[in-house]
>>> print(open('work-v5.tsv').read())   # TSV, C-alpha atoms
chain	number	residue	atom	x	y	z
A	1	MET	CA	42.82	8.74	35.10
A	2	GLN	CA	40.92	7.32	38.03
A	3	ILE	CA	40.02	9.11	41.24
A	4	THR	CA	37.50	8.27	43.93
A	5	VAL	CA	34.63	10.57	44.84
A	6	ASN	CA	33.10	9.60	48.19
A	7	ASP	CA	34.65	6.13	47.81
A	8	LYS	CA	33.24	5.63	44.32
A	9	VAL	CA	35.81	5.09	41.55
A	10	THR	CA	35.39	7.76	38.89
A	11	GLU	CA	37.15	8.23	35.53
A	12	VAL	CA	38.15	11.83	34.83
A	13	VAL	CA	40.49	13.63	32.42
A	14	GLU	CA	44.07	14.31	33.48
A	15	GLY	CA	44.54	17.59	35.41
A	16	LEU	CA	40.81	18.21	35.91
A	17	SER	CA	40.20	21.04	38.37
A	18	LEU	CA	38.00	20.62	41.42
A	19	LYS	CA	35.73	23.34	40.10
A	20	GLN	CA	35.27	21.43	36.86
A	21	LEU	CA	34.70	18.16	38.71
A	22	ILE	CA	31.87	19.72	40.74
A	23	GLU	CA	30.30	21.09	37.58
A	24	ASP	CA	30.65	17.77	35.74
A	25	LEU	CA	29.01	15.91	38.63
A	26	SER	CA	26.18	18.49	38.78
A	27	VAL	CA	26.44	18.56	42.57
A	28	ASP	CA	24.33	21.08	44.45
A	29	GLU	CA	26.89	23.64	45.64
A	30	ASN	CA	24.66	24.94	48.41
A	31	GLY	CA	26.62	24.32	51.60
A	32	LEU	CA	29.11	22.12	49.76
A	33	ALA	CA	32.62	21.61	51.07
A	34	LEU	CA	35.24	19.14	49.98
A	35	ALA	CA	38.49	17.47	50.86
A	36	VAL	CA	41.16	15.87	48.71
A	37	ASN	CA	43.11	13.07	50.39
A	38	GLN	CA	41.57	14.05	53.75
A	39	GLN	CA	42.64	17.72	53.48
A	40	VAL	CA	39.87	20.29	53.27
A	41	ILE	CA	40.22	22.54	50.21
A	42	ASN	CA	38.65	25.97	50.54
A	43	ARG	CA	36.13	26.85	47.87
A	44	THR	CA	38.23	29.77	46.60
A	45	LEU	CA	40.94	27.26	45.61
A	46	TRP	CA	38.71	24.91	43.62
A	47	PRO	CA	39.38	26.49	40.19
A	48	GLN	CA	43.17	26.21	40.54
A	49	HIS	CA	43.36	22.85	42.30
A	50	ALA	CA	44.22	20.17	39.72
A	51	LEU	CA	43.39	16.56	40.53
A	52	HIS	CA	45.91	13.72	40.28
A	53	ALA	CA	45.43	10.02	39.66
A	54	ASP	CA	44.22	8.09	42.71
A	55	ASP	CA	43.14	11.25	44.56
A	56	GLN	CA	40.41	10.62	47.08
A	57	VAL	CA	37.80	13.35	46.93
A	58	THR	CA	35.34	13.71	49.81
A	59	LEU	CA	32.27	15.83	49.14
A	60	PHE	CA	30.25	16.86	52.16
A	61	THR	CA	27.76	19.45	53.24
A	62	VAL	CA	28.65	21.86	56.00
A	63	VAL	CA	25.93	21.62	58.63
A	64	ALA	CA	25.22	24.36	61.12
A	65	GLY	CA	22.31	22.92	63.11
A	66	GLY	CA	22.41	22.14	66.75
B	1	MET	CA	47.93	20.39	96.76
B	2	THR	CA	44.42	20.00	98.12
B	3	VAL	CA	43.19	16.45	98.13
B	4	LEU	CA	39.69	15.60	97.06
B	5	SER	CA	36.99	15.60	99.69
B	6	ARG	CA	35.42	12.35	100.84
B	7	ASP	CA	32.27	13.25	98.91
B	8	ASP	CA	34.31	13.88	95.77
B	9	TYR	CA	36.02	10.50	96.10
B	10	GLY	CA	32.60	8.92	96.26
B	11	ARG	CA	31.05	10.97	93.50
B	12	TYR	CA	33.93	10.59	91.04
B	13	SER	CA	35.00	7.09	92.07
B	14	ARG	CA	34.19	5.45	88.73
B	15	GLN	CA	36.03	7.95	86.58
B	16	LEU	CA	38.96	8.04	89.03
B	17	LEU	CA	39.28	4.30	88.47
B	18	VAL	CA	39.96	4.85	84.78
B	19	ALA	CA	43.65	4.11	84.22
B	20	GLU	CA	44.33	7.46	82.52
B	21	MET	CA	42.60	9.49	85.27
B	22	ASP	CA	43.90	10.59	88.65
B	23	GLU	CA	43.24	13.14	91.40
B	24	VAL	CA	45.31	15.86	89.77
B	25	LYS	CA	43.26	15.52	86.59
B	26	GLN	CA	40.07	15.55	88.64
B	27	GLN	CA	41.24	18.82	90.18
B	28	ALA	CA	42.02	20.20	86.72
B	29	LEU	CA	38.37	19.55	85.89
B	30	SER	CA	37.19	21.35	89.02
B	31	HIS	CA	39.34	24.38	88.18
B	32	ALA	CA	38.18	24.59	84.55
B	33	GLU	CA	35.63	27.01	83.22
B	34	VAL	CA	33.70	25.91	80.14
B	35	VAL	CA	31.34	28.09	78.14
B	36	ILE	CA	28.54	26.25	76.35
B	37	VAL	CA	26.89	28.42	73.71
B	38	GLY	CA	23.58	26.92	72.65
B	39	LEU	CA	21.45	24.62	74.77
B	40	GLY	CA	19.61	22.72	72.05
B	41	GLY	CA	20.31	19.12	71.09
B	42	LEU	CA	24.09	19.53	71.24
B	43	GLY	CA	24.16	21.55	74.47
B	44	CYS	CA	21.75	19.13	76.17
B	45	ALA	CA	24.10	16.25	75.30
B	46	VAL	CA	27.35	17.91	76.30
B	47	ALA	CA	26.32	19.78	79.46
B	48	PRO	CA	25.20	16.97	81.80
B	49	TYR	CA	28.39	14.96	81.14
B	50	LEU	CA	30.57	17.95	81.94
B	51	ALA	CA	28.56	18.71	85.08
B	52	GLY	CA	28.63	15.07	86.08
B	53	ALA	CA	32.38	14.80	85.51
B	54	GLY	CA	33.01	17.77	87.79
B	55	VAL	CA	33.90	20.66	85.48
B	56	GLY	CA	33.94	23.33	88.18
B	57	ARG	CA	32.47	26.28	86.37
B	58	LEU	CA	29.95	26.11	83.55
B	59	ARG	CA	28.71	29.19	81.73
B	60	LEU	CA	25.48	28.50	79.84
B	61	VAL	CA	24.40	30.84	77.05
B	62	ASP	CA	21.09	30.57	75.19
B	63	GLY	CA	18.35	33.12	74.58
B	64	ASP	CA	15.66	30.61	73.56
B	65	GLU	CA	12.73	29.20	75.45
B	66	VAL	CA	11.79	25.52	75.60
B	67	GLU	CA	9.34	24.47	72.87
B	68	LEU	CA	7.39	21.27	72.35
B	69	SER	CA	9.42	20.48	69.21
B	70	ASN	CA	12.63	20.50	71.30
B	71	LEU	CA	11.65	17.57	73.51
B	72	PRO	CA	12.55	14.65	71.17
B	73	ARG	CA	16.25	15.57	71.27
B	74	GLN	CA	16.81	17.89	74.24
B	75	PRO	CA	16.56	15.65	77.29
B	76	LEU	CA	17.40	18.37	79.85
B	77	TYR	CA	13.84	19.64	79.37
B	78	GLY	CA	10.38	18.23	79.98
B	79	GLU	CA	6.83	19.25	79.16
B	80	PRO	CA	6.44	21.40	82.31
B	81	ASP	CA	9.40	23.52	81.10
B	82	ILE	CA	7.74	24.67	77.88
B	83	GLY	CA	7.93	28.46	77.67
B	84	GLU	CA	10.73	28.68	80.25
B	85	ALA	CA	14.20	29.99	79.39
B	86	LYS	CA	16.42	27.09	78.34
B	87	ALA	CA	19.43	28.55	80.16
B	88	SER	CA	17.63	28.70	83.51
B	89	VAL	CA	16.01	25.23	83.21
B	90	ALA	CA	19.33	23.72	82.12
B	91	SER	CA	21.17	25.46	84.99
B	92	GLN	CA	18.75	23.96	87.49
B	93	ARG	CA	19.11	20.44	86.02
B	94	LEU	CA	22.89	20.68	86.11
B	95	ARG	CA	22.84	21.85	89.72
B	96	ASP	CA	20.62	18.85	90.49
B	97	ILE	CA	23.27	16.61	88.93
B	98	ASN	CA	26.16	18.23	90.78
B	99	ARG	CA	25.56	20.84	93.47
B	100	THR	CA	29.30	21.37	93.99
B	101	LEU	CA	29.61	23.28	90.71
B	102	SER	CA	29.23	26.93	89.86
B	103	VAL	CA	26.73	27.21	87.01
B	104	GLN	CA	26.33	30.64	85.44
B	105	CYS	CA	23.11	31.20	83.55
B	106	HIS	CA	22.98	33.66	80.65
B	107	ALA	CA	19.49	33.58	79.17
B	108	THR	CA	20.53	35.73	76.26
B	109	ARG	CA	21.57	35.26	72.67
B	110	LEU	CA	25.29	35.59	71.99
B	111	VAL	CA	25.72	38.53	69.64
B	112	LYS	CA	28.56	40.81	68.59
B	113	SER	CA	28.05	43.25	71.46
B	114	ASN	CA	28.18	40.64	74.27
B	115	ALA	CA	30.34	37.90	72.72
B	116	GLU	CA	33.65	38.98	74.22
B	117	SER	CA	32.33	39.32	77.75
B	118	LEU	CA	30.48	35.99	77.53
B	119	LEU	CA	33.52	34.05	76.26
B	120	ARG	CA	36.40	35.81	78.03
B	121	GLY	CA	38.24	33.77	80.66
B	122	ALA	CA	37.01	30.38	79.46
B	123	SER	CA	39.34	27.37	79.46
B	124	VAL	CA	37.55	26.20	76.33
B	125	VAL	CA	34.44	27.31	74.43
B	126	LEU	CA	31.91	24.80	73.11
B	127	ASP	CA	29.94	25.96	70.10
B	128	CYS	CA	26.59	24.18	70.22
B	129	THR	CA	24.64	26.81	68.28
B	130	ASP	CA	22.20	26.28	65.44
B	131	ASN	CA	23.17	28.85	62.84
B	132	MET	CA	26.06	30.02	60.68
B	133	ALA	CA	26.22	33.64	61.92
B	134	SER	CA	26.76	32.57	65.54
B	135	ARG	CA	29.37	30.01	64.48
B	136	GLN	CA	31.39	32.58	62.56
B	137	LEU	CA	31.15	35.07	65.44
B	138	ILE	CA	32.24	32.53	68.08
B	139	ASN	CA	35.15	31.46	65.86
B	140	GLN	CA	36.25	35.07	65.43
B	141	VAL	CA	36.05	35.99	69.11
B	142	CYS	CA	37.79	32.78	70.26
B	143	TYR	CA	40.67	33.59	67.91
B	144	GLN	CA	40.79	37.19	69.21
B	145	LEU	CA	40.87	36.00	72.81
B	146	GLY	CA	43.10	32.97	72.14
B	147	ILE	CA	40.59	30.47	73.57
B	148	PRO	CA	40.41	26.87	72.25
B	149	LEU	CA	37.11	26.14	70.54
B	150	ILE	CA	35.36	22.81	70.08
B	151	SER	CA	32.59	23.29	67.60
B	152	SER	CA	29.86	20.74	66.94
B	153	ALA	CA	26.97	20.72	64.49
B	154	ALA	CA	24.26	18.37	63.28
B	155	SER	CA	21.48	18.33	60.75
B	156	GLY	CA	19.57	15.56	59.04
B	157	MET	CA	21.65	12.41	59.55
B	158	GLN	CA	24.98	14.26	59.50
B	159	GLY	CA	27.12	15.47	62.36
B	160	GLN	CA	30.36	17.46	62.40
B	161	LEU	CA	32.94	18.19	65.07
B	162	LEU	CA	35.76	20.70	64.64
B	163	LEU	CA	38.72	21.12	67.02
B	164	LEU	CA	40.27	24.60	66.86
B	165	HIS	CA	43.18	26.03	68.85
B	166	PRO	CA	44.07	29.67	68.07
B	167	HIS	CA	47.72	29.07	68.99
B	168	GLN	CA	48.14	26.18	66.57
B	169	ALA	CA	48.87	26.50	62.88
B	170	HIS	CA	45.76	25.06	61.26
B	171	GLY	CA	42.71	26.57	59.64
B	172	CYS	CA	39.69	27.99	61.48
B	173	TYR	CA	35.94	27.90	60.92
B	174	ARG	CA	36.27	30.80	58.47
B	175	CYS	CA	38.74	28.72	56.43
B	176	LEU	CA	36.16	25.95	56.21
B	177	TYR	CA	33.26	28.09	55.18
B	178	ALA	CA	32.92	31.78	54.27
B	179	PRO	CA	30.06	33.81	55.80
B	180	ALA	CA	29.19	35.07	52.33
B	181	GLN	CA	28.30	31.54	51.23
B	182	SER	CA	24.67	30.57	51.49
B	183	GLU	CA	23.32	29.40	54.83
B	184	PRO	CA	24.16	25.71	55.07
B	185	ASN	CA	21.86	23.10	56.42
B	186	THR	CA	20.20	23.63	59.78
B	187	CYS	CA	17.77	21.53	61.80
B	188	LEU	CA	14.96	23.89	60.85
B	189	ALA	CA	15.51	23.25	57.15
B	190	GLN	CA	16.61	19.61	57.21
B	191	GLY	CA	15.28	18.17	60.43
B	192	VAL	CA	17.48	16.08	62.68
B	193	LEU	CA	17.28	12.75	64.45
B	194	GLY	CA	17.82	12.99	68.21
B	195	PRO	CA	20.60	10.41	68.60
B	196	VAL	CA	22.61	11.94	65.73
B	197	VAL	CA	22.84	15.30	67.48
B	198	GLY	CA	23.34	13.50	70.80
B	199	ILE	CA	26.30	11.45	69.53
B	200	VAL	CA	28.07	14.55	68.25
B	201	GLY	CA	27.44	16.42	71.52
B	202	ILE	CA	28.72	13.52	73.58
B	203	MET	CA	31.84	13.30	71.42
B	204	GLN	CA	32.29	17.02	72.08
B	205	ALA	CA	32.00	16.35	75.83
B	206	LEU	CA	34.61	13.58	75.62
B	207	GLN	CA	37.06	15.80	73.72
B	208	THR	CA	36.52	18.54	76.31
B	209	LEU	CA	37.35	16.18	79.17
B	210	LEU	CA	40.44	14.88	77.33
B	211	PHE	CA	41.60	18.45	76.76
B	212	ILE	CA	41.07	19.76	80.30
B	213	THR	CA	42.69	16.74	81.94
B	214	ALA	CA	45.36	16.37	79.23
B	215	MET	CA	44.55	12.64	79.24
B	216	ALA	CA	45.29	12.63	75.52
B	217	PRO	CA	46.44	15.28	73.06
B	218	LEU	CA	43.64	16.59	70.86
B	219	ASN	CA	44.00	16.55	67.10
B	220	TRP	CA	43.64	20.31	66.69
B	221	GLY	CA	42.67	21.35	63.21
B	222	GLU	CA	40.71	18.16	62.63
B	223	LEU	CA	37.19	18.13	61.23
B	224	ARG	CA	35.27	14.94	62.00
B	225	LEU	CA	32.25	13.97	59.98
B	226	PHE	CA	29.66	11.59	61.41
B	227	ASP	CA	27.19	9.76	59.20
B	228	GLY	CA	24.14	8.63	61.15
B	229	LEU	CA	23.13	6.12	58.48
B	230	SER	CA	26.36	4.11	58.54
B	231	GLY	CA	27.48	5.07	62.06
B	232	GLN	CA	30.92	5.90	60.63
B	233	TRP	CA	33.22	8.77	61.53
B	234	GLN	CA	35.69	10.26	59.07
B	235	ALA	CA	38.56	12.61	59.99
B	236	LEU	CA	39.74	15.45	57.73
B	237	LYS	CA	42.49	18.02	58.23
B	238	LEU	CA	41.64	21.70	57.95
B	239	PRO	CA	44.57	23.69	56.56
B	240	PRO	CA	44.65	27.48	56.98
B	241	LEU	CA	43.45	29.58	54.09
B	242	GLU	CA	46.12	32.06	53.07
B	243	GLY	CA	45.07	35.55	54.10
B	244	CYS	CA	42.18	34.34	56.27
B	245	PRO	CA	40.81	37.45	58.02
B	246	VAL	CA	40.35	35.49	61.27
B	247	CYS	CA	43.36	33.19	61.67
B	248	GLY	CA	45.61	34.55	58.90
B	249	GLU	CA	48.29	35.97	61.16
B	250	ASN	CA	48.69	32.74	63.07
B	251	ASN	CA	48.78	30.23	60.26
B	252	ALA	CA	52.25	30.76	58.77
B	253	ASP	CA	53.72	27.60	60.27
B	254	TYR	CA	51.26	25.08	58.87
B	255	SER	CA	52.77	22.16	57.01
>>> encode(input="work-v5.tsv", output="structure tokens")
Amino acid sequence: MQITVNDKVTEVVEGLSLKQLIEDLSVDENGLALAVNQQVINRTLWPQHALHADDQVTLFTVVAGG
Amino acid sequence: MTVLSRDDYGRYSRQLLVAEMDEVKQQALSHAEVVIVGLGGLGCAVAPYLAGAGVGRLRLVDGDEVELSNLPRQPLYGEPDIGEAKASVASQRLRDINRTLSVQCHATRLVKSNAESLLRGASVVLDCTDNMASRQLINQVCYQLGIPLISSAASGMQGQLLLLHPHQAHGCYRCLYAPAQSEPNTCLAQGVLGPVVGIVGIMQALQTLLFITAMAPLNWGELRLFDGLSGQWQALKLPPLEGCPVCGENNADYS
């Protein structure tokens, strides 16, 4: 199925978890946060959150500077 | 109802001309008390606009002194201020902008032991700090005291703005990011470009004015991401995390 990750169309297997997606993409998890369809998903929920076709995943880094 | 003084009509004439503004809203500004925690790049952007707009009471909290490396993005300070307490220099600048205001200067770091007394009584708290520990603490105390919190952050080319209301059923800062997670990016680690932090601080000032005057409802529970490279903003919703130790009791109604 197709999803988008930061606006880029990406082919993934059906029912892939967010945790698995992050591992597959080899993203640096330091400070990483993410949203699916504009809803933030807490890190503790990544292993159980299954992706669906056409989901829009937004990866971003939490910044704390000021 | 007290009408505005002749001086106030003159001073605030341009913003009073804005279709959504009026004298009652101007008075709401003068009766508001805003706490600004952190007087770095974010605080320097937000504070002069609030002072200029006539927010009646400003409480400034920062334990740092002005350093040379602050000057590219902290326009409240100049070279002669190096070594001086940011809170006292900023207080003086804000009084220069608007002598009708009450500006309280707290040249101290906000920590667990003083957080409640520094934040209590505020109409809204603005988190303009530069580290994760302070952000988590401010979030926690604002939820305890039931004070709305507008939190801004910047690092590198990225900015973030988070609108939190303890009486609304959305997530809080703790739901976004756990303290146990590694320290995310700060200006010290990643650098920052002055206008990026300025844009986020000025957006924070605008949201604060909209909130105090009720000119427009705020999208509480929204996290806005700003990308300095594209100039684009993106809005995300922050749902409550079940069992969150900070907002958990208040988040049952989220849908």
>>> interface_residues(input="work-v5.tsv", of="chain A", to="chain B", cutoff="12 Å", atoms="all atoms listed in the file", output="ChimeraX atom specification")
/A:6,28-45,56-66
>>> residues_around(input="work-v5.tsv", residues="Gln27 in chain B", least_positions_apart="5", cutoff="10 Å", atoms="all atoms listed in the file", output="ChimeraX atom specification")
/B:1-4,22,32,54-56,212-213
>>> axis_aligned_box(input="work-v5.tsv", around="range 83-89 of chain B", padding_each_side="5 Å", output="JSON")
{"center_x": 13.7, "center_y": 27.6, "center_z": 80.6, "size_x": 21.5, "size_y": 14.8, "size_z": 15.8}
>>> residues_around(input="work-v5.tsv", residues="Met21 in chain B", least_positions_apart="6", cutoff="10 Å", atoms="all atoms listed in the file", output="PyMOL selection string")
chain B and resi 14-15+210+213-215
>>> atom_distance(input="work-v5.tsv", atom1="CA of Lys86 in chain B", atom2="CA of Gly63 in chain B")
7.4 Å
>>> residues_around(input="work-v5.tsv", residues="Ala50 in chain A", least_positions_apart="4", cutoff="9 Å", atoms="only C-alpha atoms", output="list in words")
Glu14, Gly15, Leu16, Ser17, Leu18 and Trp46 of chain A
>>> closest_residue(input="work-v5.tsv", among="B:Ala85, B:Val35, B:Ser102, B:Leu68", to="Leu118 in chain B", atoms="all atoms listed in the file")
B:Val35
>>> atom_distance(input="work-v5.tsv", atom1="CA of Pro48 in chain B", atom2="CA of Leu94 in chain B")
6.1 Å
>>> atom_distance(input="work-v5.tsv", atom1="CA of Val61 in chain B", atom2="CA of Ala107 in chain B")
6.0 Å
>>> residues_around(input="work-v5.tsv", residues="Glu79 in chain B", least_positions_apart="2", cutoff="9 Å", atoms="all atoms listed in the file", output="PyMOL selection string")
chain B and resi 66-68+71+77+81-82
